[in-house]
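Below: work_0.txt (compact mmCIF, C-alpha atoms)
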```
# COMPACT_ATOMS: atom_id res chain seq x y z
CA MET A 123 135.44 92.77 83.08
CA GLN A 124 134.84 91.36 86.56
CA ALA A 125 132.02 92.91 88.54
CA ILE A 126 130.66 92.24 92.04
CA LEU A 127 127.67 94.27 93.20
CA TYR A 128 126.90 94.58 96.89
CA GLY A 129 123.34 95.74 97.37
CA ALA A 130 119.90 95.16 98.80
CA PRO A 131 116.47 95.09 97.16
CA SER A 132 114.54 98.36 96.87
CA THR A 133 117.59 100.52 97.56
CA ALA A 134 119.75 102.76 95.39
CA ALA A 135 121.70 99.60 94.55
CA SER A 136 118.79 98.71 92.25
CA ILE A 137 119.90 101.54 89.96
CA VAL A 138 123.28 99.90 89.45
CA HIS A 139 121.83 96.40 89.28
CA TRP A 140 119.37 97.43 86.58
CA LEU A 141 122.06 99.07 84.46
CA LEU A 142 124.34 96.05 84.77
CA LEU A 143 121.50 93.96 83.36
CA GLU A 144 120.60 96.46 80.63
CA LEU A 145 124.23 96.79 79.53
CA GLY A 146 124.75 93.03 79.56
CA ILE A 147 127.62 93.19 82.05
CA ALA A 148 128.24 89.84 83.70
CA HIS A 149 128.32 90.28 87.45
CA GLU A 150 127.99 88.59 90.80
CA LEU A 151 125.20 89.92 92.99
CA ARG A 152 125.74 89.84 96.75
CA LEU A 153 122.61 90.94 98.57
CA LEU A 154 123.04 92.24 102.12
CA ASP A 155 120.40 91.97 104.84
CA LEU A 156 120.14 95.56 106.01
CA GLU A 157 117.72 94.69 108.80
CA GLN A 158 120.37 92.40 110.25
CA GLY A 159 123.02 95.07 109.88
CA GLN A 160 125.21 93.26 107.36
CA GLN A 161 126.13 96.63 105.85
CA ARG A 162 127.94 97.39 109.11
CA SER A 163 129.90 94.13 109.27
CA PRO A 164 133.70 94.43 109.34
CA GLU A 165 133.85 92.57 106.04
CA TYR A 166 131.60 95.03 104.25
CA LEU A 167 133.05 98.12 105.94
CA ALA A 168 136.42 97.08 104.53
CA ILE A 169 134.81 97.50 101.09
CA ASN A 170 132.67 100.58 101.79
CA PRO A 171 133.51 102.35 105.06
CA GLN A 172 130.25 104.34 104.80
CA GLY A 173 128.31 101.16 105.51
CA ARG A 174 125.83 101.85 102.72
CA VAL A 175 124.82 100.18 99.49
CA PRO A 176 125.63 99.99 96.69
CA ALA A 177 129.26 99.15 96.30
CA LEU A 178 130.45 97.87 92.95
CA VAL A 179 133.83 96.17 92.70
CA LEU A 180 134.76 96.55 89.05
CA ASP A 181 138.00 94.91 88.00
CA GLY A 182 139.24 95.36 91.56
CA GLN A 183 138.24 99.04 91.84
CA VAL A 184 135.64 99.84 94.51
CA LEU A 185 132.96 102.25 93.33
CA THR A 186 130.25 103.77 95.51
CA GLU A 187 127.46 106.36 95.01
CA SER A 188 124.73 104.93 92.80
CA VAL A 189 124.38 107.81 90.36
CA GLY A 190 128.13 108.12 89.89
CA ILE A 191 128.36 104.39 89.20
CA ALA A 192 125.51 104.66 86.70
CA MET A 193 127.30 107.43 84.81
CA HIS A 194 130.54 105.46 84.77
CA LEU A 195 128.91 102.27 83.51
CA ALA A 196 127.11 104.13 80.72
CA ASP A 197 130.39 105.77 79.65
CA LEU A 198 132.15 102.41 79.61
CA HIS A 199 129.65 101.12 77.04
CA PRO A 200 129.11 103.95 74.55
CA GLN A 201 127.86 101.52 71.92
CA VAL A 202 124.64 101.07 73.93
CA GLY A 203 123.91 104.79 73.74
CA LEU A 204 122.83 105.49 77.32
CA ALA A 205 125.09 108.53 77.75
CA PRO A 206 125.63 111.50 75.39
CA ALA A 207 129.18 112.24 74.35
CA PRO A 208 131.19 114.62 76.57
CA GLY A 209 131.18 118.20 75.36
CA THR A 210 127.78 118.03 73.64
CA PRO A 211 124.71 120.04 74.68
CA GLU A 212 122.94 116.74 75.36
CA ARG A 213 125.67 115.87 77.85
CA GLY A 214 124.88 119.03 79.76
CA ASP A 215 121.23 118.05 80.04
CA TYR A 216 122.22 114.53 81.03
CA CYS A 217 124.51 115.77 83.81
CA ARG A 218 121.79 118.12 85.01
CA TRP A 219 119.28 115.33 85.52
CA MET A 220 121.74 112.86 86.94
CA LEU A 221 122.83 115.37 89.58
CA PHE A 222 119.25 116.44 90.20
CA CYS A 223 118.54 112.83 91.16
CA ALA A 224 121.69 112.60 93.27
CA GLY A 225 121.53 116.01 94.91
CA THR A 226 117.81 116.71 95.22
CA LEU A 227 115.70 113.57 95.12
CA ILE A 228 117.88 110.97 96.86
CA PRO A 229 118.70 113.16 99.91
CA ALA A 230 115.04 114.16 100.21
CA TYR A 231 113.94 110.54 100.12
CA ARG A 232 116.46 109.69 102.80
CA ARG A 233 114.85 112.29 105.06
CA TRP A 234 111.41 110.85 104.24
CA PHE A 235 112.38 107.28 105.09
CA HIS A 236 114.59 108.27 108.05
CA PRO A 237 112.93 111.44 109.41
CA GLU A 238 114.53 110.98 112.82
CA GLU A 239 118.01 111.66 111.41
CA PRO A 240 117.75 115.43 110.72
CA ALA A 241 116.13 116.55 113.99
CA GLY A 242 115.45 113.62 116.31
CA GLU A 243 112.37 111.55 117.13
CA ALA A 244 110.45 114.51 118.58
CA HIS A 245 110.34 116.23 115.19
CA VAL A 246 109.54 113.30 112.89
CA ALA A 247 106.08 114.57 111.89
CA ALA A 248 107.37 118.05 111.03
CA VAL A 249 110.27 116.66 109.02
CA LYS A 250 107.99 114.38 107.02
CA GLU A 251 105.54 117.17 106.27
CA ARG A 252 108.29 119.45 105.04
CA VAL A 253 110.13 116.82 103.02
CA ARG A 254 106.93 115.57 101.42
CA ALA A 255 106.37 119.04 99.99
CA GLU A 256 109.99 119.12 98.80
CA ILE A 257 109.67 115.76 97.04
CA GLU A 258 106.38 116.62 95.40
CA ALA A 259 107.77 119.94 94.16
CA ALA A 260 110.71 118.09 92.63
CA TRP A 261 108.42 115.65 90.85
CA GLU A 262 106.26 118.54 89.63
CA LEU A 263 109.36 120.02 88.02
CA VAL A 264 110.28 116.74 86.33
CA ALA A 265 106.72 116.17 85.14
CA GLY A 266 106.63 119.62 83.58
CA HIS A 267 109.92 118.97 81.80
CA LEU A 268 108.70 115.64 80.42
CA ALA A 269 105.42 117.16 79.28
CA ALA A 270 107.31 119.85 77.34
CA ARG A 271 110.35 117.92 76.12
CA GLY A 272 109.73 114.19 76.68
CA PRO A 273 108.99 111.38 76.42
CA TYR A 274 112.40 110.77 78.07
CA LEU A 275 114.50 113.19 80.11
CA LEU A 276 116.65 113.88 77.04
CA GLY A 277 113.71 114.06 74.67
CA GLY A 278 113.37 111.17 72.25
CA ARG A 279 116.47 109.39 73.53
CA ARG A 280 116.51 107.02 76.49
CA SER A 281 119.53 107.47 78.74
CA ALA A 282 120.93 106.18 82.02
CA ALA A 283 119.18 109.14 83.68
CA ASP A 284 115.82 107.53 82.94
CA PHE A 285 116.91 104.36 84.73
CA VAL A 286 117.92 106.36 87.79
CA LEU A 287 114.71 108.38 87.74
CA THR A 288 112.50 105.30 87.40
CA VAL A 289 113.98 103.65 90.49
CA LEU A 290 113.34 106.85 92.42
CA MET A 291 109.78 107.00 91.10
CA ARG A 292 109.21 103.56 92.58
CA TRP A 293 110.24 104.85 96.00
CA SER A 294 107.15 107.07 96.02
CA ARG A 295 104.69 104.19 95.55
CA ASN A 296 103.45 104.29 99.17
CA MET A 297 103.65 108.05 99.66
CA PRO A 298 100.52 110.23 99.89
CA ARG A 299 101.07 111.32 96.29
CA PRO A 300 102.92 108.67 94.28
CA THR A 301 104.55 109.67 91.01
CA ASP A 302 101.98 107.70 89.01
CA THR A 303 99.53 110.55 89.66
CA TRP A 304 101.51 112.78 87.25
CA PRO A 305 100.67 111.58 83.70
CA PRO A 306 104.11 112.34 82.18
CA LEU A 307 105.86 110.45 84.99
CA HIS A 308 103.44 107.56 84.71
CA ALA A 309 104.07 107.37 80.96
CA LEU A 310 107.85 107.31 81.44
CA ALA A 311 107.55 104.62 84.11
CA GLN A 312 105.43 102.46 81.81
CA ARG A 313 108.04 102.68 79.04
CA MET A 314 110.88 101.82 81.37
CA LYS A 315 109.02 98.99 83.10
CA ALA A 316 108.40 97.38 79.71
CA LEU A 317 112.14 96.70 79.30
CA PRO A 318 113.18 93.05 79.70
CA SER A 319 115.96 94.20 82.02
CA PHE A 320 113.35 95.61 84.42
CA ARG A 321 111.59 92.26 84.64
CA GLU A 322 114.93 90.56 85.23
CA LEU A 323 115.76 93.07 87.97
CA TYR A 324 112.50 92.28 89.74
CA ALA A 325 113.06 88.55 89.45
CA ARG A 326 116.58 88.73 90.85
CA GLU A 327 115.67 91.05 93.73
CA GLY A 328 112.44 89.23 94.56
CA LEU A 329 110.19 92.25 93.98
CA ASP A 330 106.56 92.08 92.88
CA ASP A 331 105.04 95.52 93.45
CA TRP A 332 104.67 98.59 91.20
CA THR A 333 104.51 96.43 88.07
```

Write out the structure in this file as structure tokens.
Amino acid sequence: MQAILYGAPSTAASIVHWLLLELGIAHELRLLDLEQGQQRSPEYLAINPQGRVPALVLDGQVLTESVGIAMHLADLHPQVGLAPAPGTPERGDYCRWMLFCAGTLIPAYRRWFHPEEPAGEAHVAAVKERVRAEIEAAWELVAGHLAARGPYLLGGRRSAADFVLTVLMRWSRNMPRPTDTWPPLHALAQRMKALPSFRELYAREGLDDWT
């Protein structure tokens, strides 16, 4: 298997990068400088016309959308046990949380980090106030689920969904209410951050916060 990951530190590409490390998939990491606009270069747009990261070139196939890539990678390596088998009740729960991350949390975070996009510069403060409430309500839901059915999203079994969720928890570290203030979320983060693959992710992406 030949894999090339195009990404940038502290982005959704970290989800894919972390899973590549956890699954032991040999890969080439090509970090883009988003501040310099490398994601909009003709060379990268030929790979991902959306001009976003991540993009994973896997045996010549271009894959985008971080959560979708995570699900695909977990399915490719069933022996690791990060994805329940299709058709099982556990798979339904797994899909629920993966799509909750992709459809609820990630879009909300984009509005938090880029509040000018939905309604223009004049409405940045209002957008941030509204989206903060949305994000905190989402984390309240997840915390309640973990408190009742944890310690992982699927109960006693760690899955690729926990990797996705942990990266998104990190995104809240500088928000008014970071996820560490919810005990069940903090406990999950501590378990996930103890993995050797997490330390390797940080080393490769040059990160040193939220450890």

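Remark: for Met297 (chain A), the closest of the candidate residues A:Ala134, A:Ala192, A:Glu251, A:His139 is A:Glu251 (distances computed over all atoms listed in the file).
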
Would you list the residues near (119.3, 112.7, 78.2) (no more than 6 Å away, in the coordinates of the file, using only C-alpha atoms) as an mmCIF file with C-alpha atoms, in the frame of the given file?
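out-v9.cif, written as the output of this step:
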```cif
data_model
loop_
_atom_site.group_PDB
_atom_site.id
_atom_site.type_symbol
_atom_site.label_atom_id
_atom_site.label_comp_id
_atom_site.auth_asym_id
_atom_site.auth_seq_id
_atom_site.Cartn_x
_atom_site.Cartn_y
_atom_site.Cartn_z
ATOM 1 C CA ASP A 215 121.230 118.050 80.040
ATOM 2 C CA TYR A 216 122.220 114.530 81.030
ATOM 3 C CA LEU A 275 114.500 113.190 80.110
ATOM 4 C CA LEU A 276 116.650 113.880 77.040
ATOM 5 C CA SER A 281 119.530 107.470 78.740
#
```

State, in Å with one decimal place, the distance from CA of Ala311 (chain A) to CA of Leu178 (chain A).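 Calculated distance between CA of Ala311 (chain A) and CA of Leu178 (chain A) is 25.5 Å.
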
Have a look at CA of Leu145 (chain A) and CA of Ala325 (chain A) and let me know their distance in Å, one decimal.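 Taking CA of Leu145 (chain A) as the start and CA of Ala325 (chain A) as the end point, the length is 17.1 Å.
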
If we count all atoms listed in the file, what is near Ala265 (chain A) at a cut-off of 7 Å, once residues fewer than 3 positions away on the same chain are taken out, given as a VMD selection string? chain A and resid 261 to 262 268 to 269 304 306 to 307

Do you know which residues are at most 10 Å from Thr288 (chain A) counting only C-alpha atoms, after dropping those on the same chain fewer than 2 positions away, and could you put them as a PDB file with C-alpha atoms, in the coordinates of the input?
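The new file around_26.pdb reads:
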```pdb
ATOM      1  CA  ILE A 137     119.900 101.540  89.960  1.00  0.00           C
ATOM      2  CA  ALA A 283     119.180 109.140  83.680  1.00  0.00           C
ATOM      3  CA  ASP A 284     115.820 107.530  82.940  1.00  0.00           C
ATOM      4  CA  PHE A 285     116.910 104.360  84.730  1.00  0.00           C
ATOM      5  CA  VAL A 286     117.920 106.360  87.790  1.00  0.00           C
ATOM      6  CA  LEU A 290     113.340 106.850  92.420  1.00  0.00           C
ATOM      7  CA  MET A 291     109.780 107.000  91.100  1.00  0.00           C
ATOM      8  CA  ARG A 292     109.210 103.560  92.580  1.00  0.00           C
ATOM      9  CA  TRP A 293     110.240 104.850  96.000  1.00  0.00           C
ATOM     10  CA  THR A 301     104.550 109.670  91.010  1.00  0.00           C
ATOM     11  CA  LEU A 307     105.860 110.450  84.990  1.00  0.00           C
ATOM     12  CA  HIS A 308     103.440 107.560  84.710  1.00  0.00           C
ATOM     13  CA  LEU A 310     107.850 107.310  81.440  1.00  0.00           C
ATOM     14  CA  ALA A 311     107.550 104.620  84.110  1.00  0.00           C
ATOM     15  CA  GLN A 312     105.430 102.460  81.810  1.00  0.00           C
ATOM     16  CA  ARG A 313     108.040 102.680  79.040  1.00  0.00           C
ATOM     17  CA  MET A 314     110.880 101.820  81.370  1.00  0.00           C
ATOM     18  CA  LYS A 315     109.020  98.990  83.100  1.00  0.00           C
TER      19      LYS A 315
END
```

List the neighbours of region 231-238 of chain A out to 9 Å using all atoms listed in the file; skip same-chain residues closer than 5 positions along the sequence, and give me the result as number ranges by chain. A: 226, 243-251, 253-254, 257, 290, 293-294

Which polymer residues have any atom within 8 Å of an atom of region 162-173 of chain A, counting all atoms listed in the file, with same-chain residues fewer than 4 positions away left out, as a list in words?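 Close residues of region 162-173 of chain A: Ala177, Val184 and Thr186 of chain A.
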
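Counting from CA of Val175 (chain A), the distance to CA of Val264 (chain A) is 25.7 Å.
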
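If you measure from each of A:Gly146, A:Gly190, A:Gly203, A:Gly182 to Met220 (chain A) using all atoms listed in the file, the closest one turns out to be A:Gly190.
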
Which is closer to Ala282 (chain A) than all the others in A:Ala130, A:Val179, A:Ile147, A:Cys223, using only C-alpha atoms?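 Between A:Ala130, A:Val179, A:Ile147, A:Cys223, the residue approaching Ala282 (chain A) most closely is A:Cys223.
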
Compare A:Gly129, A:Val202, A:Val189, A:Gly278 by their minimum atom-to-atom distance to Arg218 (chain A), counting all atoms listed in the file, and give me the closest one.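 Ranking A:Gly129, A:Val202, A:Val189, A:Gly278 by distance to Arg218 (chain A), first place goes to A:Val189.
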
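Closest to Asp181 (chain A) among A:Ala255, A:Leu127, A:Leu204, A:Ala135 is A:Leu127, based on only C-alpha atoms.
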
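Nearest to Leu141 (chain A) of all the residues A:Gln161, A:Ile191, A:Gln183, A:Thr303 is A:Ile191, counting only C-alpha atoms.
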
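The protein and nucleic acid residues lying at most 12 Å from Ala207 (chain A) are Met193, Ala196, Asp197, Leu198, His199, Pro200, Gln201, Glu212, Arg213, Gly214, Asp215, Tyr216, Cys217 and Ser281 of chain A, with all atoms listed in the file considered and sequence neighbours fewer than 5 positions away removed.
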
Any chance you could work out the axis-aligned box around region 167-178 of chain A, listed atoms only, 3 Å on each side, giving centre and edge lengths in Å to one decimal, as lines of an AutoDock Vina configuration file?
```
center_x = 130.6
center_y = 100.7
center_z = 99.4
size_x = 17.6
size_y = 13.3
size_z = 19.0
```
